[in-house]
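Data file: entry.txt. Format and content: compact mmCIF, C-alpha atoms.
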# COMPACT_ATOMS: atom_id res chain seq x y z
CA SER A 1471 23.87 -34.57 2.74
CA ASN A 1472 22.94 -33.88 6.36
CA LEU A 1473 25.25 -30.88 6.39
CA ASN A 1474 23.39 -29.27 3.51
CA LEU A 1475 20.07 -29.99 5.20
CA TYR A 1476 21.21 -28.35 8.44
CA LEU A 1477 22.48 -25.37 6.47
CA ILE A 1478 19.12 -24.94 4.75
CA PHE A 1479 17.29 -25.05 8.10
CA PHE A 1480 19.71 -22.47 9.49
CA ILE A 1481 19.16 -20.14 6.52
CA ILE A 1482 15.37 -20.46 6.84
CA PHE A 1483 15.67 -19.60 10.54
CA VAL A 1484 17.72 -16.48 9.73
CA ILE A 1485 15.17 -15.36 7.13
CA LYS A 1486 12.30 -15.79 9.57
CA PHE A 1487 14.24 -13.91 12.25
CA CYS A 1488 14.92 -11.01 9.86
CA LEU A 1489 11.30 -10.85 8.76
CA SER A 1490 9.95 -10.97 12.30
CA ASP A 1491 12.32 -8.20 13.30
CA ALA A 1492 11.23 -6.10 10.32
CA ASN A 1493 7.58 -6.55 11.29
CA SER A 1494 8.03 -5.81 14.99
CA VAL A 1495 5.34 -3.92 16.87
CA CYS A 1496 5.38 -0.12 16.95
CA ASN A 1497 6.80 1.28 20.19
CA ILE A 1498 5.61 4.88 20.26
CA THR A 1499 7.37 5.64 23.55
CA LYS A 1500 10.71 5.10 21.81
CA PHE A 1501 9.92 8.10 19.60
CA THR A 1502 10.56 10.45 22.53
CA GLU A 1503 13.72 8.50 23.32
CA TRP A 1504 14.92 8.90 19.72
CA LYS A 1505 14.12 12.62 19.64
CA ASN A 1506 16.13 13.23 22.81
CA LYS A 1507 19.25 11.54 21.41
CA LYS A 1508 22.08 13.76 20.17
CA TYR A 1509 21.94 14.41 16.46
CA THR A 1510 25.05 13.06 14.72
CA GLY A 1511 23.86 13.12 11.11
CA SER A 1512 25.40 14.61 7.99
CA LEU A 1513 24.50 18.21 8.93
CA ALA A 1514 25.61 18.08 12.57
CA LYS A 1515 28.75 20.14 11.84
CA ASP A 1516 27.08 22.47 9.33
CA SER A 1517 26.88 25.94 10.86
CA THR A 1518 24.22 27.00 8.35
CA PHE A 1519 22.00 24.22 9.68
CA TRP A 1520 22.81 24.61 13.40
CA ARG A 1521 24.28 27.97 14.33
CA TYR A 1522 25.22 27.06 17.91
CA GLN A 1523 28.17 24.87 16.98
CA THR A 1524 30.44 26.31 19.68
CA GLN A 1525 27.80 26.37 22.42
CA SER A 1526 28.03 22.99 24.14
CA PHE A 1527 25.01 23.68 26.38
CA PHE A 1528 22.81 23.96 23.24
CA GLN A 1529 22.84 20.34 22.18
CA LEU A 1530 21.20 19.57 18.87
CA ASN A 1531 19.05 16.47 19.35
CA ASN A 1532 17.19 14.44 16.74
CA GLY A 1533 13.85 16.02 17.59
CA LEU A 1534 15.11 19.53 16.94
CA ALA A 1535 17.14 18.43 13.91
CA ILE A 1536 14.11 16.92 12.19
CA GLN A 1537 12.10 20.09 12.84
CA ILE A 1538 14.85 22.29 11.39
CA ALA A 1539 15.29 20.03 8.37
CA VAL A 1540 11.56 20.00 7.60
CA SER A 1541 11.06 23.75 8.05
CA THR A 1542 14.17 24.57 6.00
CA CYS A 1543 13.19 22.22 3.17
CA GLN A 1544 9.64 23.60 3.20
CA GLN A 1545 11.03 27.13 2.99
CA TYR A 1546 13.06 26.15 -0.08
CA PHE A 1547 9.85 25.13 -1.84
CA TYR A 1548 7.94 28.20 -0.66
CA ASN A 1549 10.75 30.38 -2.01
CA LEU A 1550 10.44 28.64 -5.36
CA TYR A 1551 6.72 29.24 -5.44
CA ILE A 1552 6.85 32.88 -4.33
CA PHE A 1553 9.99 34.27 -5.97
CA LYS A 1554 10.58 32.23 -9.10
CA ALA A 1555 6.96 31.68 -10.11
CA GLY A 1556 6.06 35.24 -9.19
CA LYS A 1557 8.86 36.93 -11.08
CA MET A 1558 10.13 34.63 -13.78
CA GLY A 1559 7.17 32.53 -14.89
CA PRO A 1560 6.51 28.83 -14.32
CA ILE A 1561 8.86 26.87 -12.10
CA ASP A 1562 11.01 24.52 -14.15
CA ILE A 1563 11.58 20.97 -12.99
CA GLN A 1564 15.36 21.50 -13.00
CA THR A 1565 15.06 24.09 -10.23
CA SER A 1566 12.79 21.78 -8.27
CA TYR A 1567 15.36 19.01 -8.73
CA LYS A 1568 18.02 21.25 -7.20
CA GLN A 1569 15.97 21.69 -4.04
CA MET A 1570 14.94 18.03 -3.87
CA CYS A 1571 18.62 17.10 -4.01
CA SER A 1572 19.73 19.66 -1.43
CA GLU A 1573 21.48 18.24 1.62
CA VAL A 1574 18.81 19.44 4.03
CA CYS A 1575 15.88 17.94 2.08
CA LEU A 1576 17.66 14.61 1.69
CA GLU A 1577 18.50 14.62 5.39
CA SER A 1578 14.89 15.44 6.26
CA ASP A 1579 13.70 12.24 4.58
CA ASN A 1580 16.58 10.32 6.13
CA LEU A 1581 15.68 11.49 9.67
CA HIS A 1582 12.07 10.43 9.18
CA GLN A 1583 13.26 6.98 8.12
CA LEU A 1584 15.59 6.73 11.10
CA ALA A 1585 12.74 7.59 13.47
CA MET A 1586 10.50 4.94 11.90
CA ASN A 1587 13.27 2.34 12.04
CA TYR A 1588 14.09 3.13 15.67
CA THR A 1589 10.47 2.87 16.81
CA SER A 1590 9.26 0.21 14.34
CA CYS A 1591 6.36 2.57 13.65
CA SER A 1592 4.86 3.76 10.39
CA CYS A 1593 4.77 7.46 9.61
CA LEU A 1594 1.03 7.40 10.32
CA GLU A 1595 1.67 6.04 13.80
CA LEU A 1596 4.27 8.74 14.43
CA SER A 1597 1.92 11.47 13.24
CA THR A 1598 -0.05 13.66 15.65
CA GLN A 1599 -3.10 11.68 16.71
CA GLU A 1600 -6.65 13.04 16.58
CA ASN A 1601 -7.02 13.00 20.36
CA ASP A 1602 -3.97 15.26 20.74
CA ASP A 1603 -4.52 18.97 21.45
CA THR A 1604 -2.02 19.88 18.72
CA PHE A 1605 -3.76 17.76 16.04
CA ASN A 1606 -4.10 19.58 12.74
CA GLN A 1607 -4.39 16.97 9.99
CA ILE A 1608 -4.15 13.23 9.56
CA GLY A 1609 -0.66 11.93 8.78
CA ASP A 1610 1.26 15.17 9.34
CA PHE A 1611 4.50 13.20 9.79
CA CYS A 1612 3.86 11.37 6.49
CA LEU A 1613 3.16 14.63 4.65
CA GLU A 1614 6.67 15.84 5.50
CA ASN A 1615 8.12 13.61 2.78
CA THR A 1616 9.99 15.85 0.35
CA ALA A 1617 8.09 14.65 -2.73
CA ARG A 1618 4.77 15.35 -1.01
CA MET A 1619 6.01 18.83 -0.06
CA LEU A 1620 7.08 19.44 -3.66
CA CYS A 1621 3.59 18.45 -4.77
CA ASN A 1622 1.65 20.37 -2.12
CA ILE A 1623 3.69 23.58 -2.26
CA VAL A 1624 5.12 23.86 -5.78
CA GLY A 1625 2.56 21.79 -7.67
CA TYR A 1626 4.89 19.21 -9.22
CA CYS A 1627 2.96 16.05 -8.39
CA GLY A 1628 4.02 12.63 -9.56
CA VAL A 1629 1.66 9.94 -10.76
CA TRP A 1630 1.85 7.60 -7.81
CA ASN A 1631 -0.49 5.28 -5.96
CA CYS A 1632 1.13 5.66 -2.57
CA ARG A 1633 -0.67 4.97 0.68
CA ILE A 1634 -0.40 7.75 3.23
CA ASP A 1635 1.47 5.42 5.61
CA ASP A 1636 4.11 4.53 2.98
CA PHE A 1637 6.46 7.39 3.77
CA MET A 1638 9.14 7.00 1.10
CA CYS A 1639 6.89 5.87 -1.75
CA PRO A 1640 6.45 9.37 -3.29
CA ARG A 1641 10.16 10.08 -3.02
CA TYR A 1642 11.07 6.77 -4.65
CA GLU A 1643 8.73 7.64 -7.52
CA PHE A 1644 10.48 10.99 -7.93
CA ASN A 1645 13.84 9.20 -7.84
CA LYS A 1646 12.83 7.27 -10.98
CA LYS A 1647 11.88 10.42 -12.87
CA LEU A 1648 14.33 11.52 -15.58
CA ILE A 1649 15.00 15.24 -15.22
CA PRO A 1650 16.25 16.88 -18.47
CA TYR A 1651 19.90 18.04 -18.21
CA LYS A 1652 20.09 16.71 -14.64
CA GLY A 1653 19.60 12.96 -14.61
CA PHE A 1654 17.32 10.84 -12.48
CA GLY A 1655 15.62 12.24 -9.39
CA SER A 1656 17.63 9.89 -7.20
CA CYS A 1657 20.22 12.68 -6.97
CA ALA A 1658 22.98 10.32 -8.11
CA ARG A 1659 25.22 13.33 -8.58
CA SER A 1660 24.75 14.18 -4.90
CA SER A 1661 26.97 12.88 -2.11
CA SER A 1662 23.84 11.88 -0.19
CA LEU A 1663 22.95 9.04 -2.50
CA LYS A 1664 23.96 6.71 0.32
CA ASN A 1665 20.69 7.53 2.06
CA TYR A 1666 18.80 5.76 -0.69
CA GLN A 1667 20.79 2.57 -1.09
CA MET A 1668 19.01 -0.79 -1.19
CA ASN A 1669 17.62 -1.93 2.13
CA PHE A 1670 20.15 -4.14 3.91
CA LEU A 1671 17.52 -6.66 4.95
CA ASN A 1672 16.47 -7.24 1.34
CA MET A 1673 20.10 -7.79 0.36
CA ILE A 1674 20.54 -10.43 3.07
CA ILE A 1675 17.37 -12.26 2.04
CA ILE A 1676 18.34 -12.26 -1.65
CA LEU A 1677 21.80 -13.57 -0.80
CA LEU A 1678 20.36 -16.37 1.34
CA ILE A 1679 17.92 -17.38 -1.40
CA VAL A 1680 20.81 -17.63 -3.86
CA ILE A 1681 22.76 -19.82 -1.41
CA ILE A 1682 19.76 -22.12 -0.97
CA SER A 1683 19.38 -22.43 -4.75
CA LEU A 1684 23.02 -23.37 -5.13
CA ILE A 1685 22.76 -26.02 -2.40
CA ILE A 1686 19.61 -27.57 -3.86
CA THR A 1687 21.09 -27.81 -7.35
CA GLN A 1688 24.21 -29.61 -6.11
Any chance you could put this one into structure tokens?
Amino acid sequence: SNLNLYLIFFIIFVIKFCLSDANSVCNITKFTEWKNKKYTGSLAKDSTFWRYQTQSFFQLNNGLAIQIAVSTCQQYFYNLYIFKAGKMGPIDIQTSYKQMCSEVCLESDNLHQLAMNYTSCSCLELSTQENDDTFNQIGDFCLENTARMLCNIVGYCGVWNCRIDDFMCPRYEFNKKLIPYKGFGSCARSSSLKNYQMNFLNMIIILLIVIISLIITQ
């Protein structure tokens, strides 16, 4: 019927709109805007993450939060390398799992994703560029992924074929790894599993495809 035809055209329009939005052009100036916004994430009220909870004039913004999260997560891995490997032998994967599933490391990855979503930029585009005075290495923002830090600092490297600009690819590969006595690397036992739920856009597209199939078969 005409109604079904109009509905199909409407669904196709929605899919195209979603895809065009997902592939929007990187706006690097919005990165500064995002960093200056007040941080309201899962660790905003955690005094061990931000000690100035009672000092209103010390506002924790996203830029500072992502720096703290990265440096803290990195320190976790350095501690593993220095103390455990130095005193008790090889680092076991269970201990690495504990750090990978810590709130601060999960939030570090989450903040990177939020920055990329807000700016529509890849991690490579948000990295320090070669013409910048502070440039140190290509893709420094990308290398702050927790799985890459685990690999570079501790030495537990997954077998992945991830492009440097695919920020979450190494972490997703770790999430699929079965850790003895712990479960999968997705940290399903952690309260922060919500950070790794299926992308909402993909869910919408799948749902619309199912609706179209049902209409066509009628």
With distances taken over all atoms listed in the file, which residue among A:Phe1527, A:Asp1635, A:Glu1573, A:Phe1553 lies nearest Ser1512 (chain A)?
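Using all atoms listed in the file, Ser1512 (chain A) sits closest to A:Glu1573.
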Pick from A:Cys1657, A:Ile1634, A:Val1495, A:Ala1617 nearest to Asp1579 (chain A), counting all atoms listed in the file:
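Closest candidate: A:Ala1617.
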Between CA of Tyr1588 (chain A) and CA of Asn1532 (chain A), distance in Å (one decimal):
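CA of Tyr1588 (chain A) sits 11.8 Å away from CA of Asn1532 (chain A).
Considering all atoms listed in the file, the residue among A:Lys1508, A:Arg1521, A:Lys1568, A:His1582 positioned nearest to Leu1620 (chain A) is A:Lys1568.
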Which residue of A:Asn1615, A:Asn1601, A:Ser1578, A:Asn1622 approaches Phe1637 (chain A) most closely, using only C-alpha atoms:
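Using only C-alpha atoms, the shortest distance to Phe1637 (chain A) belongs to A:Asn1615.
For the set A:Val1624, A:Ile1681, A:Cys1612, A:Leu1594, the residue with the smallest atom-to-atom gap to Pro1640 (chain A) is A:Cys1612, counting all atoms listed in the file.
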What's around Val1574 (chain A) at 12 Å? Count all atoms listed in the file, leave out sequence neighbours fewer than 3 positions away in its own chain, and write the answer as a ChimeraX atom specification.
/A:1511-1514,1516,1518-1520,1535-1546,1568-1571,1577-1581,1616,1660,1662
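Shortest separation to Ser1572 (chain A) among A:Glu1643, A:Ser1526, A:Ser1656, A:Thr1604 occurs at residue A:Ser1656, atoms counted being only C-alpha atoms.
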Please report the interatomic distance between CA of Ser1592 (chain A) and CA of Ile1623 (chain A) in Å with one decimal.
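About the pair CA of Ser1592 (chain A) and CA of Ile1623 (chain A): they are 23.5 Å apart.
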Between CA of Lys1515 (chain A) and CA of Leu1613 (chain A), what distance in Å does the model show, to one decimal?
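Taking CA of Lys1515 (chain A) as the start and CA of Leu1613 (chain A) as the end point, the length is 27.1 Å.
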Residue list as a ChimeraX atom specification for point (21.6, 17.2, 22.6), cut-off 7 Å, all atoms listed in the file:
/A:1506-1509,1528-1531
